[in-house]
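Only one structure is covered here, and it is reproduced in the block below.
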Amino acid sequence: MDDFRYRIEPISETALMVRFVHPSSKSLSMAIGYIANEIYRQHAHFIMNATPAYDSILVDYLPNRISPSALTKAIEAIIDHYQPTQIATKREVIPLPVYYDSQVGPDLALYKDRGLSLDDVIALHTERTYFVSAIGFSAGFAFLSDVPPELEHPRQSTPRLNVPKGSVAIAGSKTAIYPSASPGGWNIIGNCPIDLYDPNQTPVTPFSIGAEVKFYSIDKATFIEFGGQIHEGWK
């Protein structure tokens with residue numbers, strides 16, 4: 001894989017970290033997702049997990065079945081033989097409805113303080129097609145890159161104890177949807193009424209690394225019709 005430089009280093013007696021020395025991009029995210037899957041698929045007999053992130057893959061392995069040096073060589077072989085053509089690039093864009101309103105997006109006030117109206121936030125957030133750059137934090141939580149600069153905002157200094165399911169949020173340059181109710185420190189600007197994580201279905205989530213997402217705005221009546229709920233007292 002000539003396009004991406006990387007290094008592999010041990011971080012514990014049972015784990016290696018593959019770090020890619022390259023700016024974050026959709027092509028890097030897709031490569032990391034593919035390589036992580038291949039590491040696990042090809043070597044499942046001694047790999048416990050291969051967990052992809054923005055610019056790295058954490059590989060947990062069974063040291064009684066393979067040595068760190070042998071595993072390093074196995075990973076290098078997968079990376080060095082990777083070609084972008086191995087990934088299907090033609091994917092359907094996932095359309096996701098969002099109700100943008102202070103009833104479900106209390107942190108819209110942060111953008112109002114910057115001089116952005118609700119219509120400005122909606123226009124900016126829905127103008128782009130985002131891609132899934134990582135999946136983590138909680139099951140089905142997809143980090144989507146990247147929001148317009150006008151919407152970038154650091155995460156909350158004090159996380160909320162309970163963020164409602166479906167909350168659409170921004171932290172730094174990323175945007176995401178909370179697939180289930182959980183604590184969280186991202187800035188909430190709306191809510192998506194579509195179920196995005198179901199452990200009883202296959203696949204459990206529509207998201208995969210490299211998948212593309214497009215948000216579109218809906219009104220309150222449509223939000224309720226789609227199963228959305230207005231939660232009181234959590235802001």
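In the structure tokens, each chain is lettered A, B, ... as it comes, each chain's residues begin at 1, and ligands are numbered from 1 in order of appearance.
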With only C-alpha atoms as the counted atoms, please give the residues lying no more than 7 Å from Glu212 of chain A, apart from itself and same-chain residues fewer than 3 positions off, as a PDB file with C-alpha atoms, in the first residue's frame.
```
ATOM      1  CA  VAL A  93     -25.968   7.198   0.215  1.00  0.00           C
ATOM      2  CA  ILE A  94     -27.900   6.625   3.449  1.00  0.00           C
ATOM      3  CA  THR A 129     -22.579  14.158   2.136  1.00  0.00           C
ATOM      4  CA  TYR A 130     -20.679  12.737   5.114  1.00  0.00           C
ATOM      5  CA  PHE A 131     -18.717   9.513   5.328  1.00  0.00           C
ATOM      6  CA  VAL A 132     -18.265   7.154   8.281  1.00  0.00           C
TER       7      VAL A 132
END
```
| task | Compile the contact shell of Thr51 of chain A as a ChimeraX atom specification: residues with an atom at most 10 Å away, counting only C-alpha atoms, same-chain residues fewer than 5 positions apart removed. | result | /A:17,32-33,36-37,39-40,56-60,134-136
Could those residues be written to a file, using N, CA and C atoms, as an mmCIF file, in the first residue's frame?
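Result file is out-v7.cif:
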```cif
data_model
loop_
_atom_site.group_PDB
_atom_site.id
_atom_site.type_symbol
_atom_site.label_atom_id
_atom_site.label_comp_id
_atom_site.auth_asym_id
_atom_site.auth_seq_id
_atom_site.Cartn_x
_atom_site.Cartn_y
_atom_site.Cartn_z
ATOM 1 N N MET A 17 -0.527 -2.198 17.989
ATOM 2 C CA MET A 17 -1.205 -1.047 17.409
ATOM 3 C C MET A 17 -0.588 -0.749 16.048
ATOM 4 N N ILE A 32 -8.449 1.452 6.217
ATOM 5 C CA ILE A 32 -8.341 0.941 7.580
ATOM 6 C C ILE A 32 -9.458 -0.052 7.873
ATOM 7 N N GLY A 33 -10.684 0.272 7.466
ATOM 8 C CA GLY A 33 -11.803 -0.644 7.683
ATOM 9 C C GLY A 33 -11.588 -1.971 6.973
ATOM 10 N N ALA A 36 -8.602 -3.942 8.667
ATOM 11 C CA ALA A 36 -9.002 -4.516 9.953
ATOM 12 C C ALA A 36 -9.836 -5.774 9.740
ATOM 13 N N ASN A 37 -10.756 -5.731 8.786
ATOM 14 C CA ASN A 37 -11.580 -6.917 8.489
ATOM 15 C C ASN A 37 -10.720 -8.071 7.980
ATOM 16 N N ILE A 39 -7.472 -8.589 8.562
ATOM 17 C CA ILE A 39 -6.647 -9.118 9.656
ATOM 18 C C ILE A 39 -7.441 -10.151 10.450
ATOM 19 N N TYR A 40 -8.677 -9.802 10.780
ATOM 20 C CA TYR A 40 -9.498 -10.730 11.559
ATOM 21 C C TYR A 40 -9.913 -11.938 10.715
ATOM 22 N N SER A 56 -5.720 4.308 12.995
ATOM 23 C CA SER A 56 -5.044 3.177 13.618
ATOM 24 C C SER A 56 -5.944 1.947 13.649
ATOM 25 N N ILE A 57 -5.318 0.804 13.927
ATOM 26 C CA ILE A 57 -6.044 -0.444 14.163
ATOM 27 C C ILE A 57 -5.440 -1.097 15.394
ATOM 28 N N LEU A 58 -6.265 -1.375 16.379
ATOM 29 C CA LEU A 58 -5.831 -2.092 17.576
ATOM 30 C C LEU A 58 -6.066 -3.579 17.341
ATOM 31 N N VAL A 59 -4.998 -4.373 17.430
ATOM 32 C CA VAL A 59 -5.092 -5.809 17.186
ATOM 33 C C VAL A 59 -4.829 -6.560 18.487
ATOM 34 N N ASP A 60 -5.876 -7.178 19.032
ATOM 35 C CA ASP A 60 -5.754 -8.007 20.234
ATOM 36 C C ASP A 60 -5.584 -9.462 19.799
ATOM 37 N N ALA A 134 -15.148 6.345 11.452
ATOM 38 C CA ALA A 134 -14.854 5.393 12.524
ATOM 39 C C ALA A 134 -16.167 5.007 13.184
ATOM 40 N N ILE A 135 -16.156 3.857 13.855
ATOM 41 C CA ILE A 135 -17.321 3.403 14.614
ATOM 42 C C ILE A 135 -16.831 3.002 15.999
ATOM 43 N N GLY A 136 -17.468 3.539 17.033
ATOM 44 C CA GLY A 136 -17.021 3.232 18.381
ATOM 45 C C GLY A 136 -17.765 4.041 19.410
#
```
| Near Phe20 of chain A, counting only C-alpha atoms, which residues have an atom at most 7 Å away, once you skip same-chain residues fewer than 3 positions from it, shown as a list in words? | Phe4, Arg5, Tyr6, Arg7, Asp55 and Ser56 of chain A
Distance table requested - segment 180-222 of chain A against segment 149-156 of chain A, cut-off 12 Å, only C-alpha atoms: one row per qualifying residue with the closest atom pair and its distance in Å to one decimal, ordered by chain and rising residue number, as CSV.
```
residue,atom,partner,partner_atom,distance
A:Pro183,CA,A:Gln156,CA,11.6
A:Gly184,CA,A:Gln156,CA,8.6
A:Gly185,CA,A:Gln156,CA,4.9
A:Trp186,CA,A:Arg155,CA,4.9
A:Asn187,CA,A:Arg155,CA,6.2
A:Ile188,CA,A:Arg155,CA,9.9
A:Ile189,CA,A:Leu151,CA,10.4
```
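Closest approach to Ser29 of chain A among A:Ala211, A:Leu96, A:Ala50, A:Val104 is made by A:Ala211 (distances from only C-alpha atoms).
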